[in-house]
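Beneath this line is the structure, given in structure tokens, with notes to follow.
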Number of protein chains: 4
Amino acid sequence: MGIREECGVFGVFGHAEAARLTYYGLYALQHRGQESAGIAASDGRGIVCHKGMGLVFEVFNRERIEALPGTSAIGHVRYSTTGRSHLVNAQPLCVTVRGTNLALAHNGNLVNAAAIRERLESVGSIFQTSLDTEVVAHLVAHRQSNGIEHAIVKSLNEVKGAYAFLFMTPERMFAARDPHGIRPLSMGKLGDAVVFSSETCAFDIIGAETVRDVRPGEMIVVDSDGYRSVYFDRPARSALCIFEYIYFARPDSNIEGVNVHAARKQMGKVLAQEHPADADLVTGVPDSSISAATGYAEEAGIPYEMGLVKNRYIGRTFIQPSEELRSFGVKVKLNALDKVVRGKRVVLVDDSIVRGTTIGHIVNLLQDAGAREVHLRVASPPYRFPCFYGIDTSTSGELIAASKTPEEITRVVRADSLGYLSIRGLVKALGRSEGSFCLSCFNGSYPVDIPAGAGKFILEGGTSCGEQV
Amino acid sequence: MGIREECGVFGVFGHAEAARLTYYGLYALQHRGQESAGIAASDGRGIVCHKGMGLVFEVFNRERIEALPGTSAIGHVRYSTTGRSHLVNAQPLCVTVRGTNLALAHNGNLVNAAAIRERLESVGSIFQTSLDTEVVAHLVAHRQSNGIEHAIVKSLNEVKGAYAFLFMTPERMFAARDPHGIRPLSMGKLGDAVVFSSETCAFDIIGAETVRDVRPGEMIVVDSDGYRSVYFDRPARSALCIFEYIYFARPDSNIEGVNVHAARKQMGKVLAQEHPADADLVTGVPDSSISAATGYAEEAGIPYEMGLVKNRYIGRTFIQPSEELRSFGVKVKLNALDKVVRGKRVVLVDDSIVRGTTIGHIVNLLQDAGAREVHLRVASPPYRFPCFYGIDTSTSGELIAASKTPEEITRVVRADSLGYLSIRGLVKALGRSEGSFCLSCFNGSYPVDIPAGAGKFILEGGTSCGEQV
Amino acid sequence: MGIREECGVFGVFGHAEAARLTYYGLYALQHRGQESAGIAASDGRGIVCHKGMGLVFEVFNRERIEALPGTSAIGHVRYSTTGRSHLVNAQPLCVTVRGTNLALAHNGNLVNAAAIRERLESVGSIFQTSLDTEVVAHLVAHRQSNGIEHAIVKSLNEVKGAYAFLFMTPERMFAARDPHGIRPLSMGKLGDAVVFSSETCAFDIIGAETVRDVRPGEMIVVDSDGYRSVYFDRPARSALCIFEYIYFARPDSNIEGVNVHAARKQMGKVLAQEHPADADLVTGVPDSSISAATGYAEEAGIPYEMGLVKNRYIGRTFIQPSEELRSFGVKVKLNALDKVVRGKRVVLVDDSIVRGTTIGHIVNLLQDAGAREVHLRVASPPYRFPCFYGIDTSTSGELIAASKTPEEITRVVRADSLGYLSIRGLVKALGRSEGSFCLSCFNGSYPVDIPAGAGKFILEGGTSCGEQV
Amino acid sequence: MGIREECGVFGVFGHAEAARLTYYGLYALQHRGQESAGIAASDGRGIVCHKGMGLVFEVFNRERIEALPGTSAIGHVRYSTTGRSHLVNAQPLCVTVRGTNLALAHNGNLVNAAAIRERLESVGSIFQTSLDTEVVAHLVAHRQSNGIEHAIVKSLNEVKGAYAFLFMTPERMFAARDPHGIRPLSMGKLGDAVVFSSETCAFDIIGAETVRDVRPGEMIVVDSDGYRSVYFDRPARSALCIFEYIYFARPDSNIEGVNVHAARKQMGKVLAQEHPADADLVTGVPDSSISAATGYAEEAGIPYEMGLVKNRYIGRTFIQPSEELRSFGVKVKLNALDKVVRGKRVVLVDDSIVRGTTIGHIVNLLQDAGAREVHLRVASPPYRFPCFYGIDTSTSGELIAASKTPEEITRVVRADSLGYLSIRGLVKALGRSEGSFCLSCFNGSYPVDIPAGAGKFILEGGTSCGEQV
């Protein structure tokens, strides 16, 4: 895989250890973003925030968590790009509107942010980040005459795209999900406290109980009286991002009641039905494809083996091999077990293929280790269209399936055969109707219209402020 | 001394090494602020900025300087408080207005910032820092319909207070000083490049030549055609902060043509005339009072001696003595030379007294080392009124001279005698008329009206975003 | 599991990128030690060494690797204890003997080191570490009159215990394995270069080819003429530490020709034969027990499921839960998939049980997630005797199986049933005779005599020198 | 100046806060060494040590000081070279001899260390550092049959050179000074505790009282019964390194009862008598030459002025100017006050001249600032011979006065005149006879014979072990 989620969000309202619980929550969501982490905490009067570049455990220490007071907090983890990343773009975004602190944490992408930003700038608004989230902060401030709740609802009515939003004022918390429910957001309980998370695995870590998913177009308002539900937009067709099941979410999370590992295993089973292979063993690309691979093995009645091992100790400052040593390439991260695969016909299961470069290396790795045949099976359909809702895929030009047939891809990656799960098989594995998901990366049918010329990083051109390490 | 300057600013326009020169400029201004440092650089199209907590050499390394492209740059150093300090308040402040990057660096304090901020918030502006500088960024954005230069002039017309401002757009630089010229700002030349600095010592370090001070109420506009002068406000009486001469500025800086060391030495001479002492030696509190002490010694015909030595190696993480070891207190930073002072009548010269705590310790240090008499001489008048123009003095309640006579202070610090330089003597030492300076801390006469209820930190209540270390 | 390996060693002779290759080799061996890392490199005249506390990627950066010159290098990773660990004990140990540099890297434990050290001290030798390795350095120095090779052989003849040793002089490298071959050590080739490693997975990462294991009692001498074999001791019964197969080694390593993953899977199969269970699914404790668990599942015909997920992002500075939040305990590292296990009869496979604390938590985690029954199956025999050959197990008092029967352990960990693999089954799974292994932790039969009163940390009492972080 | 002291040592025996007091003591001695710092502490049973690269406040934090237990401690600071420096060479050196911990801290240089090391290596001793101090540890271990005190005395009888030594065992402390007393070492009292320090300024910081200097050839033994004196060698002529007065020591230290600042001021006075100048002002190179400059000014009746200012904020990671910007060279550290020196005839006082490069830059700096004439006066005689007793001067080839007459030097540095203090004048300023000092760098008369071929770094060739940052 070569795609990246934008972010993960987490919030706690009404717990004496709000900041610390948020720390654990973010830690459980770390797979959704490793570039930066931040927590904003409220003591009922004002908001204090700490953000930094790096992993949750690097950004925070005991002293910093203890400096975040009060009984409510929201947190955010952001994805790691290979390019330049800046502290100024870390979240939560913390601003003051009419003398009141407001913190925002956002997962997703707003497709009309550029247009709104231009309009706001023309009336004198200044921007300090390149986050689309900042557009929403301005909208809220401009619409605040009838109170913050009304202002947030009005603002959400203006923005288009995919989002799971947490807003926090000193006294309240607001959790909202876009009308199509493209990005996931769940609500839980921990005693009397209300908690929100991009994924339920973060509830488990703190011993919270999952209550339900926030519904598409719903905003949940929490204050000292409890929580209530507001539907800020007319109902739209549900269109959950199917990649949460395929790749993003942790296997121990449940989305809309369906366990992610179980879903992946089922995808592997359907894949085995659609694309059987005459083979000696099944192996998966660690870690994300293990569930699908065991499903395939079980359905096909072929033994599941550990054909590949991933090194767990790689770090940011790891020295990449020099040009001369590049030949051993992918082995820094992944190694094949020659004693296991030598002379064998191997089914290699991957969850998805984006550019095709990595999987080509892996096929080669198995062949070098002596595999007689490598039958590549992909537990999702061909990835052909770019995402505009918060996933960092490049332009369609870089998507191998956008320009090549499966037969061509088979030759490029030098596999002996290749089978993709069908859209129909994918949906069947999830036991839901096709209309329940955003499948735009597979079928080009976008639930929210994309403005002409909209690229992924619609807000580039902001000043970029670096951080201190 | 226990007072702190707000900041130092530095700018370069039109030099291939703009960011690196700014690095050296800030380093020469480091005494004006040790809390944070930042540089914004422009390559003619956009602005890139790096800021961090700490000293200039800690915030920047070669890699970071090299990542700041282009031929113009502005930089800023900020003072270190004992309380909480936040990266979000580091400068330059970098924003986008109407699609254009704008960077601001500011030394001083705006007394009507709170009122303007309230008005801006009421029309929907959001604030992300607790800097009064951010108010100016908003004003500029709101007034930008007739171009950025017009917008800056209009904005400066609205704010009241003390300021030296550097503004940078991708193509231009603007240097402005408040109508009273309370905060210093000088212009220099380095080949064809134009440079600005809070103090001229920063010109020396890069081999630039001082051209002149920016004039009160003047804005200098620099672009690829050269520089020109704009007077944005009607003339007001000049009121340079006299504490620049007394304590803030480096001895090798020249302000309005007067060398700071020479001025201090002259103050020491006048002090010797006003308050002679029958003594064996003169010593000064290092480092800021050495110039005045040598002046006193020369005028009085008493030998100047090194009675006190300062430790040069103290760092942020130095472990302060525990309660049990506190007895040796001030010796961590300062030590008295017993062989020099034992049995002697000592004139101890300090540049100023704020709370009186530190000087009490120093008198005690000399007495413990065997000094027979300690005659305290202060090279400035009694500090009786709080500053609202960018100096971090506490409320008048903490100013010892606000509530105590010199006789009472003599007893509190347990000196054998005490003499303050008179206001008249101070002005005479500088060879200028009393009306040329802001003397408000001595006489309570404020050149810019202070709004009722205005405190020093007028913009508290903003969210405080921490930094990553 | 709660046991720790002592170390991993790696060496390269005759390659222009010796230090960099050693860096990658250590990185592949990182699972054998996370406390400290070090590399000594030779340019044919002298040896330069860099060591530090932490992971390989933390201790080394490009600049430090490039400062390690020459064509031969040896490296070492050391285990992480919960107690105090010191840089002075990091390896390689670098000394000068008769004007010549000598570097030593050692995995294992010498049972007579205390006695030899006492003898050496009585004749005036000084010790600077608490490593038993330092004893060997002294022995070599004392016996050096007939050359370094002779001195090393004589020294190895004196020490008793378990070891894989790499010695490097400016011109030569020596790789030795104890007469019983308790600790593993393999030789490989990379073009003309000779490489050594504790495990073959480190050969894969650099594209080297495995030649063979160094034999028990063999020392391989490498110099510019090539390599040759010296048997420094009479043959003894081979007694490879069986825990390398059970837990220590990476699944992609091959020891004496047997793949570690395949061995573990086979152990799981034999375990299923010996202790079948009436269950709905099989799951393993990640990551070390996954191989055995899939073997069990395959043999038993019960589906293998991902019942537990491990968090990958935990770091040294992770804030452990406070007392109040301790209730959610082990979930920080491990989470159970409730949708997978709820209402199910689960076979939980672990590779071994030492103290029993962790596995008790895991059983509880599954039960909390709704598992109807938890049948614990352990892919190794009861761990009853302490190890003296380089594994950090506590005294037998802390080994749960030393004092409790399987029935009692079942009750302590609150499992529904418990089955241990038999010694006979373990050996059968490996396809070798019982006499081929050191099984002392299971049967108390120690291949090398243990001196009366010998404890694990026989060399305590040395000065402990800390490091700078 | 371009010379560097080797080290500073500090010790405390019998105080509940021994490690913390040592931390403050080292901090006061920081000017004697900025490369590394270390403290070894004893709780009466064993010794724990912490060392690191960098300044005292960088190497230690509260946690590390608190991890150093017990009531006695010794510490060490080491000089900073421009070349490679290694943690393995940091002191105190901590070893185990016959089961007992021993820590050593040493200031000075042993001229026969290479010969002894060779002898020790020939009987099998191994070396782990390139410190001459390690030679002494071996000697002590070899001679220990009659107890540690006897062993230390015997060892000191064998080594030749300059030293101030602190030895610590779990129960005792030993402070020794070489028979000529070349390196300084003082004893003090803090309540019942005994303290030792290279300089008395470290006593002041902790409120200790100076008792006396340790005498040449004396070893003071401290244990729980108090202290007693042992003379381990026959009396030799006293030969204190005169550079302690000229440059090394802090002005607030007293050596053999003479205050360093006072001595320097007196040197400046004699210099004024020997080399008067017709000038308008006197200035000194900060910080080390200020005392001499004020003495010169006072004696000559010429005003003392601050003609040069030193930047206080330079740090290890400061980015040095690129080649293009090198022209402004020395201004990064030092700036001239043009308003003070313009058109003036300036007497520039420096404490000493080694290579002549730096002073040439400074003369040029004053001339560029407009000084009409620059009369260079040096408060010590021509530095013509290399030091073998612990000062890092290069070979005589690099000493400008070794090959050039004062007239030639005047031309090289482009001064208008040059005057050196005479040896006779220097000694007179100190009020002692010429025979009381080591003046070898001025007159080539070495109190301890230098072995043929002995260079400064006699122990090079040891393995060099780097540190972790």
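Every chain in the structure tokens takes a letter, A first, then B, and so on in the order presented; its residues are numbered from 1, and the ligands are numbered from 1 following the presented order.
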(request) Quick one: everything within 10 Å of Thr410 of chain A, counting only C-alpha atoms, minus sequence neighbours fewer than 6 positions away in the same chain. Send it as a list of chain:residue names. (result) A:Gly356, A:Gly360, A:His375, A:Leu376, A:Lys404, A:Asp416, A:Ser417, A:Leu418, A:Gly419
Expected file: the selected residues, C-alpha atoms, as a PDB file, in the first residue's frame:
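Below you can see part_18.pdb, which holds the result:
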```pdb
ATOM      1  CA  GLY A 356       2.463  -1.097  -7.983  1.00  0.00           C
ATOM      2  CA  GLY A 360       6.613  -5.581  -7.490  1.00  0.00           C
ATOM      3  CA  HIS A 375       0.044 -15.778  -7.566  1.00  0.00           C
ATOM      4  CA  LEU A 376      -0.894 -12.282  -6.545  1.00  0.00           C
ATOM      5  CA  LYS A 404      -3.180  -0.641 -17.124  1.00  0.00           C
ATOM      6  CA  ASP A 416       2.457 -15.646 -12.371  1.00  0.00           C
ATOM      7  CA  SER A 417      -1.155 -14.610 -12.061  1.00  0.00           C
ATOM      8  CA  LEU A 418      -3.179 -11.763 -10.626  1.00  0.00           C
ATOM      9  CA  GLY A 419      -6.717 -11.581  -9.307  1.00  0.00           C
TER      10      GLY A 419
END
```
(request) Could you please tell me, as number ranges by chain, which residues of chain A have an atom within 8 Å of chain C when using only C-alpha atoms? (result) A: 24, 27-28, 30, 55, 57-58, 61-62, 201, 204-207, 251-254, 258-259, 261-262, 291, 294, 298, 303-306, 308-309, 311-315, 317-319, 325, 328, 331-332, 335-340
(request) Please identify which residues in segment 81-150 of chain C DSSP calls alpha helix (DSSP H) from the backbone, and express them as a PyMOL selection string. (result) chain C and resi 113-122+133-142+148-150
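Among the candidates D:Ala164, D:Val374, D:Ile246, D:Ala193, the residue lying nearest to Asp213 of chain D is D:Ala164 (atoms considered: only C-alpha atoms).
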Please provide as a PDB file with C-alpha atoms, in the first residue's frame all residues within 7 Å of Ser198 of chain C, with the sequence filter that same-chain residues fewer than 4 positions apart are discarded (counting only C-alpha atoms).
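Done, and the output landed in out.pdb:
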```pdb
ATOM      1  CA  GLY C   8      23.347 -10.163  19.222  1.00  0.00           C
ATOM      2  CA  VAL C   9      26.680  -9.920  17.402  1.00  0.00           C
ATOM      3  CA  PHE C  10      27.528  -9.129  13.811  1.00  0.00           C
ATOM      4  CA  PRO C 184      24.197 -19.544  17.826  1.00  0.00           C
ATOM      5  CA  LEU C 185      26.658 -17.998  15.351  1.00  0.00           C
ATOM      6  CA  SER C 186      26.561 -18.236  11.579  1.00  0.00           C
TER       7      SER C 186
END
```
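Atom to atom, atom CA of Pro92 of chain D and atom CA of Asn107 of chain C stand 28.9 Å apart.
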(message) Neighbouring residues of segment 158-163 of chain A were defined as those with any atom within 6 Å, considering only C-alpha atoms; residues of the same chain fewer than 3 positions away were excluded. Please report them as a list in words.
(response) Asn107, Gly108, Asn109, Leu110, Val111, Asn112, Ser155, Arg177, Asp178, Ile182, Arg183 and Tyr389 of chain A
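All residues in segment 106-178 of chain A with a DSSP state of strand (DSSP E), computed from the backbone, read His106, Asn107, Gly108, Asn109, Leu110, Ile126, Phe127, Gly161, Ala162, Tyr163, Ala164, Phe165, Leu166, Phe167, Met168, Met173, Phe174, Ala175, Ala176 and Arg177 of chain A.
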(request) Would you kindly return, as a VMD selection string, each protein, DNA or RNA residue with an atom no farther than 8 Å from any atom of Ala137 of chain A, considering only C-alpha atoms and excluding same-chain residues fewer than 2 positions away? (result) (chain A and resid 95 104 133 to 135 139 to 141) or (chain B and resid 126)
(message) Can you pull out the residues contacting Leu426 of chain A? Cut-off 9 Å, using only C-alpha atoms, and skip same-chain residues under 4 positions away; I want them as a PyMOL selection string.
(response) chain A and resi 266-267+270-271+379-381+421-422+430-431+434
Take the residues from that selection and write them out as a PDB file, in the first residue's frame, keeping C-alpha atoms.
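The resulting again.pdb:
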```pdb
ATOM      1  CA  GLN A 266     -14.308 -12.316   4.652  1.00  0.00           C
ATOM      2  CA  MET A 267     -12.863 -10.328   1.736  1.00  0.00           C
ATOM      3  CA  VAL A 270     -14.637 -14.098  -1.361  1.00  0.00           C
ATOM      4  CA  LEU A 271     -11.372 -13.427  -3.152  1.00  0.00           C
ATOM      5  CA  ALA A 379      -8.377  -8.113  -1.590  1.00  0.00           C
ATOM      6  CA  SER A 380      -9.942  -5.021  -3.204  1.00  0.00           C
ATOM      7  CA  PRO A 381     -10.879  -3.914  -6.736  1.00  0.00           C
ATOM      8  CA  LEU A 421     -11.600  -8.826  -5.724  1.00  0.00           C
ATOM      9  CA  SER A 422     -14.604  -7.509  -7.646  1.00  0.00           C
ATOM     10  CA  LEU A 430     -19.279  -6.680   3.956  1.00  0.00           C
ATOM     11  CA  GLY A 431     -22.881  -7.906   3.795  1.00  0.00           C
ATOM     12  CA  GLU A 434     -23.227  -1.170  -2.863  1.00  0.00           C
TER      13      GLU A 434
END
```
